[in-house]
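Dumped entry-v9.cif below, it's mmCIF, C-alpha atoms:
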```
data_data
#
loop_
_atom_site.label_atom_id
_atom_site.label_comp_id
_atom_site.auth_asym_id
_atom_site.auth_seq_id
_atom_site.Cartn_x
_atom_site.Cartn_y
_atom_site.Cartn_z
CA MET A 1 -56.97 63.19 -4.28
CA ALA A 2 -60.72 62.65 -3.94
CA ARG A 3 -62.85 62.31 -7.05
CA LYS A 4 -65.78 64.62 -7.21
CA LYS A 5 -69.19 63.49 -8.37
CA SER A 6 -68.13 61.35 -11.33
CA LYS A 7 -69.10 57.68 -11.24
CA TRP A 8 -66.76 54.89 -10.19
CA LEU A 9 -65.09 53.73 -13.40
CA VAL A 10 -64.36 50.02 -13.79
CA PHE A 11 -62.06 49.14 -16.67
CA ILE A 12 -62.76 45.63 -17.98
CA SER A 13 -59.80 43.92 -19.60
CA HIS A 14 -60.62 40.86 -21.66
CA SER A 15 -59.83 38.89 -24.78
CA SER A 16 -62.00 39.47 -27.85
CA GLU A 17 -62.98 35.79 -27.56
CA ASP A 18 -64.75 36.65 -24.30
CA THR A 19 -66.59 39.77 -25.41
CA TRP A 20 -70.06 38.39 -24.77
CA VAL A 21 -69.22 37.39 -21.20
CA ALA A 22 -67.44 40.71 -20.61
CA ARG A 23 -70.54 42.57 -21.80
CA GLN A 24 -72.71 40.73 -19.28
CA ILE A 25 -70.33 41.75 -16.51
CA ALA A 26 -70.32 45.31 -17.83
CA ARG A 27 -74.11 45.41 -17.71
CA GLU A 28 -74.13 44.20 -14.13
CA ILE A 29 -71.50 46.77 -13.16
CA ASP A 30 -73.66 49.46 -14.72
CA ASN A 31 -76.64 48.18 -12.72
CA ARG A 32 -74.59 48.62 -9.54
CA GLY A 33 -74.10 52.32 -10.18
CA ALA A 34 -70.57 52.21 -11.59
CA THR A 35 -69.43 52.97 -15.12
CA PRO A 36 -67.97 49.99 -17.00
CA PHE A 37 -65.41 50.49 -19.71
CA LEU A 38 -64.86 47.61 -22.12
CA ASP A 39 -61.48 47.95 -23.78
CA GLU A 40 -62.07 46.34 -27.17
CA ALA A 41 -65.64 47.48 -27.43
CA ASP A 42 -64.79 51.09 -26.70
CA VAL A 43 -61.31 51.59 -28.11
CA ASP A 44 -60.18 51.28 -31.70
CA VAL A 45 -57.23 48.93 -31.59
CA GLY A 46 -54.39 50.40 -33.60
CA ALA A 47 -52.03 53.30 -33.59
CA GLU A 48 -54.21 55.31 -31.21
CA PHE A 49 -54.48 52.51 -28.71
CA GLU A 50 -51.66 53.79 -26.54
CA GLU A 51 -53.15 57.22 -26.14
CA ASP A 52 -56.62 55.84 -25.56
CA ILE A 53 -55.47 53.23 -23.10
CA ARG A 54 -53.46 55.79 -21.17
CA ASP A 55 -56.38 58.15 -21.11
CA PHE A 56 -58.83 55.56 -19.85
CA ILE A 57 -56.50 53.85 -17.47
CA ASP A 58 -55.75 57.26 -15.98
CA LYS A 59 -59.41 57.66 -15.17
CA ALA A 60 -60.21 54.10 -14.07
CA ASP A 61 -60.87 53.49 -10.39
CA GLU A 62 -60.30 49.78 -10.67
CA LEU A 63 -59.41 47.12 -13.19
CA LEU A 64 -61.38 43.92 -13.65
CA VAL A 65 -59.51 41.32 -15.69
CA LEU A 66 -61.51 38.50 -17.24
CA PHE A 67 -58.83 35.83 -17.36
CA THR A 68 -59.32 32.81 -19.59
CA PRO A 69 -56.64 30.46 -20.95
CA TRP A 70 -56.47 32.52 -24.13
CA ALA A 71 -56.56 35.90 -22.36
CA LEU A 72 -53.34 34.89 -20.59
CA GLU A 73 -51.63 35.08 -23.98
CA ARG A 74 -53.06 38.42 -24.99
CA PRO A 75 -50.54 41.31 -24.86
CA TYR A 76 -53.15 44.03 -24.32
CA VAL A 77 -54.43 42.36 -21.17
CA TRP A 78 -50.91 42.45 -19.72
CA ILE A 79 -50.40 46.05 -20.78
CA GLU A 80 -53.57 46.98 -18.93
CA ILE A 81 -52.54 45.04 -15.83
CA GLY A 82 -49.15 46.75 -15.90
CA ALA A 83 -50.75 50.17 -16.18
CA ALA A 84 -53.14 49.44 -13.30
CA TRP A 85 -50.27 48.12 -11.19
CA GLN A 86 -48.26 51.26 -11.83
CA ARG A 87 -51.24 53.38 -10.77
CA ARG A 88 -51.83 51.19 -7.71
CA ILE A 89 -55.56 50.89 -8.41
CA PRO A 90 -57.39 47.72 -7.30
CA ILE A 91 -57.07 44.78 -9.71
CA VAL A 92 -59.72 42.08 -9.55
CA VAL A 93 -59.22 38.88 -11.54
CA VAL A 94 -62.26 36.91 -12.69
CA LEU A 95 -61.33 33.42 -13.85
CA HIS A 96 -63.21 31.55 -16.53
CA GLY A 97 -61.98 28.25 -17.93
CA LEU A 98 -59.25 27.78 -15.33
CA SER A 99 -59.30 27.29 -11.58
CA ALA A 100 -57.73 29.55 -8.99
CA LYS A 101 -55.10 26.88 -8.36
CA GLU A 102 -54.30 26.52 -12.04
CA PHE A 103 -54.01 30.28 -12.30
CA GLN A 104 -51.78 30.68 -9.27
CA VAL A 105 -49.30 28.03 -10.37
CA HIS A 106 -49.21 29.37 -13.90
CA PRO A 107 -45.68 30.69 -14.58
CA ASN A 108 -47.10 33.96 -15.81
CA ALA A 109 -49.57 34.63 -13.02
CA PRO A 110 -48.86 38.03 -11.44
CA VAL A 111 -47.52 37.35 -7.94
CA PHE A 112 -48.63 40.71 -6.58
CA LEU A 113 -52.31 39.81 -6.86
CA LYS A 114 -53.96 39.04 -3.55
CA LYS A 115 -55.81 35.74 -3.24
CA ARG A 116 -59.01 37.47 -2.21
CA ASP A 117 -58.95 39.45 -5.47
CA ILE A 118 -58.94 36.30 -7.59
CA ILE A 119 -62.44 34.93 -8.06
CA ARG A 120 -64.20 32.50 -10.35
CA LEU A 121 -66.82 33.69 -12.82
CA ASN A 122 -69.47 31.88 -10.78
CA GLU A 123 -68.56 34.09 -7.82
CA VAL A 124 -68.88 37.36 -9.69
CA ASP A 125 -72.02 38.26 -7.70
CA LYS A 126 -69.83 38.58 -4.60
CA TYR A 127 -67.66 41.10 -6.40
CA LEU A 128 -70.72 43.00 -7.64
CA LYS A 129 -72.09 43.19 -4.12
CA GLN A 130 -68.83 44.65 -2.89
CA LEU A 131 -68.82 47.03 -5.83
CA SER A 132 -72.28 48.30 -4.83
CA SER A 133 -70.99 49.16 -1.40
CA ARG A 134 -68.10 51.08 -2.96
CA THR A 135 -70.22 53.04 -5.40
CA ARG A 136 -73.27 53.91 -3.29
CA PRO A 137 -72.79 56.83 -0.96
CA ARG A 138 -74.06 56.15 2.55
CA LYS A 139 -77.04 58.26 3.55
CA LYS A 140 -75.67 58.96 7.02
CA ASN A 141 -72.59 60.63 5.60
CA ASN A 142 -74.58 62.75 3.18
CA GLU A 143 -76.72 64.49 5.71
CA MET B 1 -41.04 28.13 -19.53
CA SER B 2 -39.91 31.72 -19.81
CA GLU B 3 -38.20 32.96 -16.71
CA THR B 4 -38.46 36.63 -15.98
CA THR B 5 -35.10 38.29 -15.94
CA ILE B 6 -34.67 41.98 -15.70
CA ALA B 7 -31.83 44.37 -15.13
CA THR B 8 -31.90 48.03 -14.43
CA ALA B 9 -29.22 50.62 -14.80
CA ALA B 10 -28.71 53.71 -12.69
CA VAL B 11 -27.34 56.94 -14.03
CA THR B 12 -24.74 58.48 -11.77
CA ARG B 13 -25.80 61.99 -12.71
CA GLU B 14 -29.50 61.39 -12.07
CA PRO B 15 -30.97 64.85 -11.76
CA LYS B 16 -34.41 63.92 -10.47
CA ARG B 17 -35.93 61.73 -7.84
CA ARG B 18 -35.72 58.41 -9.70
CA ALA B 19 -33.26 55.93 -8.28
CA TYR B 20 -32.58 54.39 -11.68
CA ASP B 21 -32.42 55.87 -15.08
CA VAL B 22 -32.95 52.71 -17.07
CA PHE B 23 -35.05 49.63 -16.56
CA LEU B 24 -34.01 46.81 -18.83
CA SER B 25 -36.64 44.29 -19.83
CA TYR B 26 -35.53 41.06 -21.46
CA SER B 27 -36.06 37.32 -21.49
CA SER B 28 -33.62 34.96 -19.83
CA ALA B 29 -32.58 33.48 -23.18
CA SER B 30 -30.84 36.73 -24.09
CA GLN B 31 -28.99 37.22 -20.80
CA PRO B 32 -25.48 36.88 -22.31
CA TRP B 33 -26.31 39.61 -24.82
CA VAL B 34 -27.85 41.81 -22.12
CA ARG B 35 -24.85 41.35 -19.84
CA LYS B 36 -22.61 42.80 -22.54
CA PHE B 37 -25.13 45.53 -23.22
CA SER B 38 -25.30 46.42 -19.53
CA ASP B 39 -21.49 46.43 -19.21
CA ALA B 40 -21.27 48.73 -22.19
CA LEU B 41 -23.80 51.09 -20.63
CA THR B 42 -21.59 51.23 -17.56
CA ALA B 43 -18.60 52.00 -19.74
CA SER B 44 -20.57 54.85 -21.27
CA GLY B 45 -21.08 56.45 -17.87
CA ILE B 46 -24.28 54.73 -16.86
CA THR B 47 -24.17 52.54 -13.78
CA SER B 48 -25.98 49.27 -14.25
CA TRP B 49 -28.01 47.39 -11.73
CA PHE B 50 -27.97 43.83 -12.96
CA ASP B 51 -30.29 41.31 -11.35
CA ALA B 52 -27.85 38.40 -11.69
CA HIS B 53 -25.36 40.33 -9.52
CA ASP B 54 -27.49 42.55 -7.37
CA ILE B 55 -30.35 40.43 -6.07
CA LEU B 56 -28.94 38.77 -2.99
CA PRO B 57 -29.77 35.20 -1.96
CA GLY B 58 -32.99 35.15 0.01
CA GLU B 59 -34.26 38.47 -1.32
CA ARG B 60 -37.68 38.61 -2.90
CA TRP B 61 -36.55 38.96 -6.47
CA ARG B 62 -39.94 39.99 -7.83
CA ASP B 63 -40.18 42.76 -5.20
CA GLN B 64 -36.75 44.02 -6.18
CA ILE B 65 -37.67 44.02 -9.84
CA GLU B 66 -40.97 45.79 -9.24
CA ARG B 67 -39.27 48.42 -7.10
CA ALA B 68 -36.70 49.01 -9.82
CA LEU B 69 -39.43 49.31 -12.44
CA ARG B 70 -41.17 52.02 -10.44
CA GLN B 71 -37.93 53.84 -9.75
CA SER B 72 -36.67 54.12 -13.31
CA ARG B 73 -37.50 56.73 -15.89
CA VAL B 74 -36.66 54.89 -19.13
CA LEU B 75 -37.82 51.43 -20.20
CA ILE B 76 -35.49 49.59 -22.52
CA MET B 77 -37.17 46.59 -24.12
CA VAL B 78 -34.69 44.10 -25.52
CA LEU B 79 -36.85 42.45 -28.14
CA THR B 80 -35.99 38.92 -29.16
CA PRO B 81 -38.19 36.14 -30.56
CA GLU B 82 -38.58 34.92 -26.94
CA SER B 83 -39.29 38.26 -25.28
CA ILE B 84 -42.12 39.20 -27.61
CA GLN B 85 -43.91 36.04 -26.45
CA ARG B 86 -43.41 36.90 -22.80
CA PRO B 87 -46.37 38.43 -20.92
CA TRP B 88 -44.09 40.34 -18.53
CA THR B 89 -42.69 42.27 -21.49
CA PHE B 90 -46.15 43.73 -21.96
CA PHE B 91 -46.79 44.18 -18.25
CA GLU B 92 -43.64 46.29 -18.06
CA LEU B 93 -44.71 48.21 -21.15
CA GLY B 94 -48.10 48.98 -19.57
CA ALA B 95 -46.45 50.16 -16.37
CA ALA B 96 -44.10 52.36 -18.38
CA LEU B 97 -46.93 53.85 -20.42
CA ALA B 98 -48.96 54.65 -17.32
CA ASP B 99 -45.90 56.22 -15.72
CA GLY B 100 -45.00 58.29 -18.78
CA LYS B 101 -41.58 56.69 -19.07
CA ARG B 102 -39.56 56.99 -22.24
CA ILE B 103 -39.70 53.63 -24.09
CA VAL B 104 -36.76 52.42 -26.17
CA PRO B 105 -37.09 49.11 -28.03
CA VAL B 106 -33.75 47.44 -28.79
CA LEU B 107 -34.08 44.77 -31.46
CA SER B 108 -31.86 41.74 -31.64
CA GLU B 109 -30.62 40.68 -35.05
CA ASP B 110 -32.92 37.66 -35.23
CA VAL B 111 -36.12 39.65 -34.77
CA ASP B 112 -38.03 40.65 -37.83
CA PRO B 113 -39.38 44.19 -37.27
CA ALA B 114 -42.64 42.97 -38.85
CA ASP B 115 -43.12 40.69 -35.83
CA ILE B 116 -42.98 43.55 -33.36
CA PRO B 117 -46.41 44.24 -31.85
CA ALA B 118 -48.00 47.39 -33.30
CA LEU B 119 -48.05 49.10 -29.96
CA VAL B 120 -44.27 48.79 -29.62
CA SER B 121 -43.37 49.52 -33.22
CA GLN B 122 -44.51 53.14 -32.88
CA PHE B 123 -41.44 53.84 -30.72
CA GLN B 124 -38.19 54.51 -32.51
CA PHE B 125 -36.09 51.40 -32.09
CA VAL B 126 -32.36 50.74 -31.92
CA ARG B 127 -30.83 47.89 -33.88
CA GLU B 128 -27.10 47.37 -34.04
CA ARG B 129 -24.80 44.47 -34.83
CA THR B 130 -23.35 44.24 -31.35
CA PRO B 131 -24.65 44.88 -27.82
CA GLU B 132 -21.82 47.37 -27.35
CA ALA B 133 -22.91 49.43 -30.36
CA ALA B 134 -26.55 49.32 -29.23
CA ALA B 135 -25.57 50.42 -25.72
CA LYS B 136 -23.53 53.30 -27.08
CA ARG B 137 -26.51 54.66 -28.99
CA VAL B 138 -28.88 54.21 -26.06
CA ALA B 139 -26.43 55.78 -23.63
CA GLU B 140 -25.94 58.79 -25.88
CA ALA B 141 -29.68 59.35 -26.04
CA ILE B 142 -30.08 59.00 -22.27
CA LEU B 143 -27.19 61.28 -21.46
CA ARG B 144 -28.40 63.87 -23.95
CA GLU B 145 -31.83 63.82 -22.36
CA THR B 146 -30.34 63.96 -18.87
CA GLU B 147 -28.29 67.00 -19.77
CA ALA B 148 -31.30 68.67 -21.38
CA GLY B 149 -33.26 68.07 -18.19
CA THR B 150 -30.71 69.60 -15.87
#
```
Show me, as structure tokens, the structure contained in the file I just sent.
Amino acid sequence: MARKKSKWLVFISHSSEDTWVARQIAREIDNRGATPFLDEADVDVGAEFEEDIRDFIDKADELLVLFTPWALERPYVWIEIGAAWQRRIPIVVVLHGLSAKEFQVHPNAPVFLKKRDIIRLNEVDKYLKQLSSRTRPRKKNNE
Amino acid sequence: MSETTIATAAVTREPKRRAYDVFLSYSSASQPWVRKFSDALTASGITSWFDAHDILPGERWRDQIERALRQSRVLIMVLTPESIQRPWTFFELGAALADGKRIVPVLSEDVDPADIPALVSQFQFVRERTPEAAAKRVAEAILRETEAGT
């Protein structure tokens, strides 16, 4: 079902240790015309988490996971990946502190992720460029 | 290294479109317990799909597990000291939440309820002395819900 005029919502899953980095990514996503949603910044962790997470994950158009060695151990990151997988929305993994190879051979790395959707933090500009093309309507089609 | 091991169970009187009624999430360390649990579910009228028996050599086991997860309507989380450390436990929980599945934690005797993550502890859990007793309680709840839904 097509979304109407609401902005493209990118859910950013990250460990609290990486909040500063996640905020920089969120700012860049915002600059590209999409709406970032930072889980720990925007949701009170606690009893209401389930309802909030379900609500936001229902609305998200894609999930960006900031994966670091410590984020791999964080239950909420995996809950969010599971929810996105169930909804079949795009999942993009941004690696920081571990290489793509290290990630892919990790026993817990999700096997359903496509290689092209696993990028290093230094390559995040590529992702943002692609995001711009997803979020900006083409003039030709709007006439 | 925690190996992912999952079993699902199918209800013979499935009234809706789901292929399986129950998806069973557990860590490999508790497989003997889960085997008894699964057998007891079968004895209670619920047909089990058990990965150790039903994934054939050469099949993509992760694909089979993911398909079963999508096609079930209840998530049973067998919570042991190992499984609560296992990322896939939480992946499966997230998938179940997004799908609106019923979530039933089953606690092993060696798990302290205080160690259960807050997000899981909000769901009413089952804790019995034997896998057979736990399966009986779970099966009763599933069958009651199935009948109510028909």
| Given the PyMOL selection byres ((chain B) within 7 of (chain A)), the residues it picks as a list in words | Pro87, Phe90, Phe91, Glu92, Leu93, Gly94, Ala95, Leu97, Ala98, Asp99 and Leu119 of chain B
| message | As a check of understanding, name the residues that the PyMOL selection byres ((chain A and resi 65) around 9) selects in the supplied structure, as a PyMOL selection string. | response | chain A and resi 11-14+63-64+66-67+77+80-81+91-95
| query | What does the distance from atom CA of Val74 of chain B to atom CA of Tyr20 of chain B come to in Å, to one decimal? | reply | 8.5 Å
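Straight-line separation from atom CA of Ala40 of chain B to atom CA of Glu140 of chain B: 11.7 Å.
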| said: Excluding Lys7 of chain A and its own-chain neighbours fewer than 3 positions away, which residues fall within 8 Å of it when counting all atoms listed in the file? Please give them as a list in words. | reply: Gly33, Ala34, Thr35 and Thr135 of chain A
| request: Name the residues in contact with Val78 of chain B at a cut-off of 9 Å, using all atoms listed in the file, excluding same-chain residues fewer than 2 positions from it; report them as a ChimeraX atom specification. | output: /B:24-27,30,34,76,80,83,104-108
